[in-house]
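Asks: Input data31.cif, format and content: mmCIF, C-alpha atoms.
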```
data_final
#
loop_
_atom_site.label_atom_id
_atom_site.label_comp_id
_atom_site.auth_asym_id
_atom_site.auth_seq_id
_atom_site.Cartn_x
_atom_site.Cartn_y
_atom_site.Cartn_z
CA MET D 1 -34.95 71.06 17.45
CA ALA D 2 -35.20 67.34 16.85
CA SER D 3 -34.92 67.76 13.10
CA GLN D 4 -31.87 70.04 13.51
CA ASN D 5 -30.15 67.45 15.75
CA THR D 6 -30.90 64.73 13.21
CA GLU D 7 -29.40 66.78 10.40
CA LYS D 8 -26.26 67.40 12.48
CA ASP D 9 -25.89 63.67 13.22
CA LEU D 10 -26.27 62.75 9.56
CA SER D 11 -23.75 65.41 8.59
CA THR D 12 -21.29 64.06 11.18
CA VAL D 13 -21.67 60.47 9.94
CA ALA D 14 -21.18 61.60 6.33
CA ASP D 15 -18.03 63.51 7.25
CA GLU D 16 -16.60 60.52 9.14
CA THR D 17 -17.37 58.21 6.22
CA MET D 18 -15.68 60.55 3.75
CA ASP D 19 -12.64 60.76 6.04
CA SER D 20 -12.41 56.95 6.19
CA VAL D 21 -12.68 56.67 2.40
CA ASN D 22 -10.03 59.34 1.92
CA GLN D 23 -7.68 57.58 4.36
CA PHE D 24 -8.25 54.28 2.55
CA VAL D 25 -7.49 55.85 -0.83
CA GLU D 26 -4.44 57.65 0.54
CA TYR D 27 -3.17 54.36 1.98
CA PHE D 28 -3.15 52.75 -1.45
CA LYS D 29 -1.58 55.86 -2.95
CA ASP D 30 1.35 55.55 -0.55
CA THR D 31 4.36 54.79 -2.75
CA ASP D 32 6.54 53.79 0.19
CA MET D 33 4.00 51.16 1.21
CA TRP D 34 4.04 49.57 -2.24
CA ILE D 35 7.83 49.64 -2.37
CA GLY D 36 8.04 47.98 1.03
CA LEU D 37 5.47 45.34 0.03
CA GLY D 38 7.36 44.65 -3.18
CA ILE D 39 10.60 44.20 -1.26
CA LYS D 40 8.89 41.78 1.14
CA LEU D 41 7.36 39.76 -1.71
CA ALA D 42 10.71 39.65 -3.49
CA GLY D 43 12.33 38.45 -0.27
CA VAL D 44 9.64 35.77 0.16
CA ALA D 45 10.15 34.61 -3.44
CA LEU D 46 13.92 34.39 -2.89
CA ILE D 47 13.41 32.47 0.36
CA ILE D 48 11.06 29.97 -1.29
CA LEU D 49 13.39 29.56 -4.27
CA GLY D 50 16.45 29.13 -2.05
CA LEU D 51 14.78 26.57 0.22
CA TYR D 52 13.41 24.69 -2.82
CA ILE D 53 16.92 24.48 -4.27
CA ALA D 54 18.24 23.38 -0.87
CA THR D 55 15.57 20.66 -0.71
CA ARG D 56 16.50 19.34 -4.14
CA ILE D 57 20.21 19.37 -3.31
CA LEU D 58 19.79 17.61 0.04
CA THR D 59 17.39 14.95 -1.29
CA THR D 60 19.71 14.27 -4.23
CA MET D 61 22.71 13.97 -1.88
CA VAL D 62 20.79 11.55 0.36
CA GLU D 63 19.75 9.50 -2.67
CA ARG D 64 23.35 9.35 -3.86
CA VAL D 65 24.55 8.27 -0.41
CA PHE D 66 22.03 5.42 -0.27
CA THR D 67 22.85 4.46 -3.87
CA LEU D 68 26.55 4.16 -3.04
CA ARG D 69 25.86 1.76 -0.16
CA LYS D 70 27.39 -1.63 -0.84
CA ILE D 71 24.49 -4.05 -1.14
CA LYS D 72 24.78 -7.47 -2.67
CA GLU D 73 22.96 -7.81 -5.96
CA HIS D 74 20.84 -10.75 -4.78
CA ASP D 75 20.14 -9.40 -1.28
CA ILE D 76 16.54 -8.37 -1.94
CA VAL D 77 15.81 -7.71 1.75
CA ALA D 78 18.68 -5.20 2.07
CA GLN D 79 17.66 -3.50 -1.17
CA ARG D 80 14.08 -3.02 0.05
CA GLN D 81 15.28 -1.73 3.41
CA ASN D 82 17.59 0.70 1.64
CA GLU D 83 14.71 2.02 -0.48
CA THR D 84 12.46 2.43 2.57
CA LEU D 85 15.07 4.40 4.54
CA LEU D 86 15.80 6.55 1.47
CA LYS D 87 12.17 7.66 1.10
CA LEU D 88 11.87 8.25 4.84
CA ALA D 89 14.99 10.45 4.89
CA GLN D 90 13.83 12.44 1.86
CA ASN D 91 10.37 13.02 3.37
CA THR D 92 11.93 14.15 6.65
CA ILE D 93 14.08 16.70 4.80
CA ARG D 94 11.02 18.04 2.96
CA TYR D 95 9.00 18.38 6.19
CA VAL D 96 11.79 20.17 8.09
CA ILE D 97 12.62 22.61 5.27
CA GLY D 98 8.91 23.23 4.70
CA LEU D 99 8.49 24.21 8.35
CA ILE D 100 11.53 26.50 8.15
CA MET D 101 10.11 28.12 5.02
CA VAL D 102 6.74 28.83 6.67
CA LEU D 103 8.37 30.39 9.75
CA THR D 104 10.74 32.49 7.64
CA VAL D 105 7.95 33.80 5.42
CA LEU D 106 5.88 34.74 8.46
CA GLY D 107 8.90 36.60 9.85
CA GLN D 108 9.08 38.66 6.65
CA PHE D 109 5.58 39.96 7.33
CA GLY D 110 6.35 41.00 10.90
CA VAL D 111 5.11 37.94 12.76
CA ASN D 112 6.99 37.38 16.03
CA ILE D 113 8.53 33.98 15.37
CA ALA D 114 10.11 33.72 18.84
CA GLY D 115 6.75 34.26 20.47
CA LEU D 116 5.14 31.87 18.00
CA ILE D 117 7.64 29.14 18.85
CA ALA D 118 7.25 29.80 22.57
CA SER D 119 3.48 29.60 22.34
CA ALA D 120 3.72 26.41 20.28
CA GLY D 121 4.42 24.43 23.44
CA VAL D 122 1.24 25.66 25.12
CA ALA D 123 -0.77 25.33 21.95
CA GLY D 124 0.70 21.88 21.33
CA LEU D 125 -0.56 20.70 24.69
CA ALA D 126 -4.07 21.84 23.85
CA ILE D 127 -3.94 20.48 20.32
CA SER D 128 -2.58 17.11 21.45
CA PHE D 129 -5.89 16.30 23.13
CA GLY D 130 -7.62 16.67 19.77
CA ALA D 131 -4.84 15.05 17.76
CA GLN D 132 -4.31 11.85 19.70
CA SER D 133 -4.86 9.72 16.59
CA LEU D 134 -2.19 11.69 14.71
CA VAL D 135 0.31 11.23 17.55
CA LYS D 136 -0.54 7.53 17.66
CA ASP D 137 0.03 7.25 13.89
CA VAL D 138 3.46 8.88 14.16
CA ILE D 139 4.61 6.78 17.13
CA THR D 140 3.39 3.53 15.54
CA GLY D 141 5.06 4.48 12.25
CA ALA D 142 8.37 5.04 14.05
CA PHE D 143 8.17 1.58 15.65
CA ILE D 144 7.27 -0.04 12.30
CA ILE D 145 10.32 1.50 10.66
CA PHE D 146 12.85 0.94 13.44
CA GLU D 147 11.65 -2.62 14.16
CA ASN D 148 11.74 -3.37 10.42
CA GLN D 149 8.28 -4.95 10.50
CA TYR D 150 7.97 -4.39 6.75
CA LYS D 151 9.55 -2.26 4.06
CA ASN D 152 9.07 -1.18 0.46
CA GLY D 153 8.47 -4.12 -1.86
CA ASP D 154 7.21 -6.52 0.84
CA TYR D 155 3.91 -8.33 0.31
CA VAL D 156 1.94 -7.93 3.53
CA SER D 157 -1.51 -8.35 5.01
CA LEU D 158 -2.61 -5.67 7.50
CA ASN D 159 -5.24 -6.53 10.12
CA GLN D 160 -6.20 -9.52 7.93
CA GLN D 161 -8.22 -7.07 5.85
CA VAL D 162 -5.92 -5.40 3.32
CA GLU D 163 -3.24 -7.17 1.28
CA GLY D 164 -0.75 -5.85 -1.20
CA VAL D 165 2.80 -4.77 -1.97
CA VAL D 166 4.18 -1.99 0.22
CA ILE D 167 4.97 0.99 -2.01
CA GLU D 168 5.69 3.53 0.75
CA VAL D 169 6.26 3.43 4.50
CA GLY D 170 5.77 6.88 6.01
CA ILE D 171 5.80 8.28 9.50
CA ARG D 172 2.00 8.60 9.49
CA THR D 173 0.64 6.24 6.83
CA THR D 174 1.46 3.09 4.90
CA LYS D 175 0.57 2.67 1.21
CA LEU D 176 -0.21 -0.75 -0.26
CA LYS D 177 -0.76 -1.63 -3.92
CA GLY D 178 -3.16 -4.53 -4.45
CA LEU D 179 -3.11 -7.17 -7.15
CA ASN D 180 -5.67 -5.18 -9.18
CA GLY D 181 -3.62 -2.00 -9.01
CA GLN D 182 -5.64 -0.28 -6.29
CA VAL D 183 -3.66 1.72 -3.73
CA SER D 184 -4.75 1.53 -0.08
CA ILE D 185 -3.58 4.15 2.42
CA ILE D 186 -3.74 2.95 6.03
CA PRO D 187 -2.95 5.17 9.05
CA ASN D 188 -0.18 3.50 11.03
CA GLY D 189 -2.11 3.87 14.27
CA GLN D 190 -4.83 1.54 12.94
CA ILE D 191 -2.39 -1.28 12.15
CA MET D 192 -2.92 -3.90 14.85
CA GLN D 193 -1.63 -7.01 13.05
CA VAL D 194 0.98 -7.42 10.33
CA THR D 195 1.46 -10.58 8.27
CA ASN D 196 4.62 -10.26 6.17
CA TYR D 197 4.99 -12.82 3.39
CA SER D 198 8.41 -11.52 2.33
CA LEU D 199 10.55 -12.18 5.41
CA GLU D 200 10.91 -15.94 4.99
CA ASN D 201 10.46 -18.47 2.21
CA SER D 202 6.85 -19.14 1.25
CA VAL D 203 5.11 -22.50 1.01
CA ALA D 204 2.87 -23.25 -1.94
CA VAL D 205 -0.03 -25.53 -0.97
CA VAL D 206 -1.90 -27.21 -3.84
CA ASP D 207 -4.91 -29.52 -3.58
CA VAL D 208 -5.94 -31.69 -6.52
CA GLY D 209 -8.98 -33.96 -6.76
CA VAL D 210 -8.99 -37.42 -8.37
CA ALA D 211 -11.94 -39.72 -9.10
CA TYR D 212 -12.74 -42.48 -6.60
CA GLU D 213 -12.38 -45.08 -9.35
CA GLU D 214 -8.64 -44.40 -9.76
CA ASP D 215 -6.08 -46.64 -8.07
CA MET D 216 -4.50 -44.73 -5.18
CA GLU D 217 -0.99 -46.15 -5.58
CA ARG D 218 -1.04 -45.34 -9.28
CA VAL D 219 -2.21 -41.79 -8.58
CA GLU D 220 0.45 -41.18 -5.93
CA SER D 221 3.16 -42.55 -8.22
CA ALA D 222 1.97 -40.27 -11.04
CA ILE D 223 1.93 -37.22 -8.76
CA LYS D 224 5.53 -37.89 -7.65
CA GLU D 225 6.67 -38.27 -11.27
CA ILE D 226 4.95 -35.03 -12.25
CA ALA D 227 6.52 -33.27 -9.24
CA LYS D 228 10.03 -34.32 -10.32
CA GLU D 229 9.35 -33.09 -13.85
CA VAL D 230 8.17 -29.73 -12.50
CA GLU D 231 11.25 -29.40 -10.28
CA ALA D 232 13.55 -30.04 -13.23
CA LYS D 233 11.63 -27.62 -15.45
CA TYR D 234 11.40 -24.80 -12.89
CA HIS D 235 14.56 -25.43 -10.87
CA ASP D 236 14.96 -21.72 -9.98
CA LEU D 237 11.52 -21.56 -8.37
CA PHE D 238 11.41 -24.55 -6.05
CA ILE D 239 13.92 -24.41 -3.19
CA GLU D 240 13.09 -27.82 -1.73
CA PRO D 241 11.64 -30.94 -3.45
CA ILE D 242 7.87 -30.90 -3.87
CA THR D 243 6.26 -32.99 -1.12
CA LEU D 244 3.16 -35.14 -1.47
CA ALA D 245 1.49 -34.79 1.91
CA GLY D 246 -1.08 -37.50 1.10
CA VAL D 247 -4.86 -37.63 1.04
CA GLN D 248 -6.19 -34.34 2.38
CA SER D 249 -9.91 -35.11 2.32
CA LEU D 250 -12.62 -37.31 0.81
CA GLY D 251 -15.09 -35.20 -1.13
CA ALA D 252 -18.50 -35.99 -2.51
CA SER D 253 -17.05 -37.20 -5.81
CA GLU D 254 -13.28 -36.96 -5.44
CA VAL D 255 -10.26 -37.92 -3.39
CA VAL D 256 -8.25 -34.76 -2.65
CA TYR D 257 -4.44 -35.01 -2.57
CA ARG D 258 -2.28 -32.21 -1.13
CA LEU D 259 1.15 -31.11 -2.39
CA MET D 260 3.47 -28.66 -0.62
CA ALA D 261 6.53 -26.86 -1.98
CA GLU D 262 8.95 -24.35 -0.46
CA VAL D 263 9.56 -21.38 -2.75
CA PRO D 264 11.14 -17.90 -2.45
CA PRO D 265 9.16 -15.19 -0.62
CA THR D 266 5.83 -14.20 -2.27
CA GLN D 267 6.32 -16.80 -5.04
CA HIS D 268 3.70 -19.24 -3.69
CA PHE D 269 1.03 -17.79 -5.98
CA ALA D 270 3.08 -18.43 -9.13
CA ALA D 271 4.18 -21.87 -7.89
CA GLY D 272 0.58 -22.85 -7.20
CA ARG D 273 -0.53 -21.89 -10.71
CA ILE D 274 2.36 -23.82 -12.27
CA LEU D 275 1.60 -26.94 -10.22
CA HIS D 276 -2.08 -26.88 -11.13
CA LYS D 277 -1.22 -26.58 -14.82
CA GLU D 278 1.40 -29.36 -14.80
CA LEU D 279 -0.80 -31.72 -12.76
CA LYS D 280 -3.68 -31.32 -15.22
CA ALA D 281 -1.39 -31.97 -18.20
CA GLY D 282 0.29 -34.95 -16.47
CA PHE D 283 -3.03 -36.55 -15.48
CA ASP D 284 -4.30 -36.19 -19.05
CA GLN D 285 -1.20 -37.96 -20.40
CA ARG D 286 -1.60 -40.83 -17.93
CA GLY D 287 -5.35 -41.17 -18.29
CA ILE D 288 -6.11 -40.20 -14.68
CA GLU D 289 -9.51 -38.59 -14.36
CA ILE D 290 -10.14 -35.34 -12.49
CA PRO D 291 -13.87 -35.44 -11.65
CA TYR D 292 -16.16 -32.62 -12.71
CA PRO D 293 -19.95 -32.14 -12.61
CA ARG D 294 -21.88 -33.92 -15.37
CA THR D 295 -25.48 -33.69 -16.54
CA VAL D 296 -27.16 -37.00 -17.51
CA MET D 297 -30.17 -36.81 -19.82
CA LEU D 298 -32.64 -39.76 -19.62
CA PRO D 299 -35.06 -40.23 -22.54
CA PRO D 300 -38.75 -40.14 -21.63
CA ASN D 301 -40.65 -43.47 -21.31
CA PRO D 302 -42.70 -43.89 -24.55
CA THR D 303 -45.12 -46.39 -22.94
CA PRO D 304 -48.44 -44.68 -22.11
CA LYS D 305 -50.02 -44.98 -18.73
CA GLY D 306 -51.76 -48.33 -18.35
CA GLY D 307 -49.82 -49.85 -21.23
CA GLU D 308 -48.16 -52.45 -19.02
CA ALA D 309 -51.55 -53.65 -17.76
CA GLU D 310 -52.90 -54.01 -21.34
CA ASN D 311 -49.83 -55.95 -22.46
CA ALA D 312 -50.18 -58.25 -19.47
CA GLN D 313 -53.77 -59.11 -20.56
#
```
As structure tokens, please, write out the structure in this file.

Replies:
Amino acid sequence: MASQNTEKDLSTVADETMDSVNQFVEYFKDTDMWIGLGIKLAGVALIILGLYIATRILTTMVERVFTLRKIKEHDIVAQRQNETLLKLAQNTIRYVIGLIMVLTVLGQFGVNIAGLIASAGVAGLAISFGAQSLVKDVITGAFIIFENQYKNGDYVSLNQQVEGVVIEVGIRTTKLKGLNGQVSIIPNGQIMQVTNYSLENSVAVVDVGVAYEEDMERVESAIKEIAKEVEAKYHDLFIEPITLAGVQSLGASEVVYRLMAEVPPTQHFAAGRILHKELKAGFDQRGIEIPYPRTVMLPPNPTPKGGEAENAQ
């Protein structure tokens, strides 16, 4: 009896398996199903293509609108602000149309979009507890943009850790390009301190050391002459006359003089290099020594030990 029951159970399982396989095969043989799927895929392709074209048209229109804005040729600040707002508007258009595309494609496959949108509020509340950093990034990014803390093209220092030229200000992140070409991406929510070198004119500070043996009045007179020559040679760079602040410090082997010059924003690096070069050339022409480490070699004493005592006898 037990063996007969076992055989019946196995036969039943085999029949059910064959029925499932046959249903599976019949499903893929259904011509109407394939036609319907093809129509849905064609509709999805048309939706994606249409929204892609709409994105290109809208971003191009926005770019043209910002290009037609009347901005003075020498107003660098307004130009940078214009570029920042342009990229922000284009990214916003891409995000919105991308969201519309996702919802529309899901609707093509029978997903209840109305219920999905309604449940988004409840789901958003639950997700917000795990996405606090993302919300903080977005809110901080909005304040950075609307308060005009910095914009594309500005040279900034963030948190006194990362420096570079701003290449993109987004809602969530900020991208900086360093002097060596490296690109740093910083979440806006982590930006606690911003130092912007491009809002106001910069000040180039240059220290130069002179030997103690040089006459101080002669050195100061030479520095002032060199400063006037530099101002005449680079008149577009220096906004105000170069100032000799005086003796900055007394080093181990040098007297350090400090010069200060007001220059356009972010030009203090270039002005500092020019001043160092011209000061070196001017000191060489006037015979003023800039001290540097020297090695003095003393010849060994040829007199053997005890030689002085023998000569004395």

Asks: Apply the PyMOL selection byres ((chain D and resi 185) around 6) to the file shown and report the selected residues as a PyMOL selection string.

Replies: chain D and resi 174-175+184+186

Asks: Given the file above and the PyMOL selection byres ((chain D and resi 161) around 12), which residues are selected, and can you give them as a PyMOL selection string?

Replies: chain D and resi 156-160+162-164+176+178+184+186+190-195

Asks: Output the residue selection produced by the PyMOL selection byres ((chain D and resi 266) around 8) on the file above, formatted as an MDAnalysis selection string.

Replies: chainID D and resid 155 197:198 201:202 264:265 267:269

Asks: Using only C-alpha atoms, which of D:Arg286, D:Arg273, D:Arg172, D:Lys224 sits nearest Lys136 (chain D)?

Replies: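 Distance minimum relative to Lys136 (chain D) lands on D:Arg172.
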
Asks: Contacts of Met260 (chain D) at 10 Å or less, counting only C-alpha atoms, minus same-chain residues fewer than 3 places along, as a short mmCIF file (atom, residue, chain, number, x, y, z; two decimals) with C-alpha atoms, keeping the file's coordinate frame?

Replies:
```cif
data_model
loop_
_atom_site.label_atom_id
_atom_site.label_comp_id
_atom_site.auth_asym_id
_atom_site.auth_seq_id
_atom_site.Cartn_x
_atom_site.Cartn_y
_atom_site.Cartn_z
CA VAL D 203 5.11 -22.50 1.01
CA ALA D 204 2.87 -23.25 -1.94
CA VAL D 205 -0.03 -25.53 -0.97
CA VAL D 206 -1.90 -27.21 -3.84
CA ASP D 207 -4.91 -29.52 -3.58
CA GLU D 240 13.09 -27.82 -1.73
CA PRO D 241 11.64 -30.94 -3.45
CA ILE D 242 7.87 -30.90 -3.87
CA THR D 243 6.26 -32.99 -1.12
CA LEU D 244 3.16 -35.14 -1.47
CA ALA D 245 1.49 -34.79 1.91
CA VAL D 263 9.56 -21.38 -2.75
CA HIS D 268 3.70 -19.24 -3.69
CA ALA D 271 4.18 -21.87 -7.89
CA GLY D 272 0.58 -22.85 -7.20
CA LEU D 275 1.60 -26.94 -10.22
#
```

Asks: Which residue, D:Gly153, D:Gly141, D:Pro291, D:Gly50, has the smallest gap to Gly170 (chain D) when you use only C-alpha atoms?

Replies: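 Of D:Gly153, D:Gly141, D:Pro291, D:Gly50, the one nearest Gly170 (chain D), counting only C-alpha atoms, is D:Gly141.
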
Asks: For region 252-270 of chain D, I'd like the enclosing box, axis-aligned and padded by 3 Å on every side, reported as lines of an AutoDock Vina configuration file with centre and edge lengths in Å to one decimal.

Replies:
```
center_x = -3.7
center_y = -26.1
center_z = -4.8
size_x = 35.6
size_y = 29.7
size_z = 14.7
```

Asks: For a test of reading the model, state the distance in Å between CA of Val169 (chain D) and CA of Ile145 (chain D), rounded to one decimal.

Replies: 7.6 Å

Asks: Using all atoms listed in the file, which of D:Gly282, D:Leu88, D:Glu262, D:Leu99 sits nearest Glu200 (chain D)?

Replies: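 Looking at the shortest contact to Glu200 (chain D), the residue is D:Glu262.
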
Asks: Distance CA of Val255 (chain D)-CA of Ile274 (chain D), one decimal place?

Replies: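 Calculated distance between CA of Val255 (chain D) and CA of Ile274 (chain D) is 20.9 Å.
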
Asks: Grab the CA of Leu250 (chain D) to CA of Gly209 (chain D) distance for me, in Å with one decimal place.

Replies: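 Pair CA of Leu250 (chain D) / CA of Gly209 (chain D) returns 9.0 Å.
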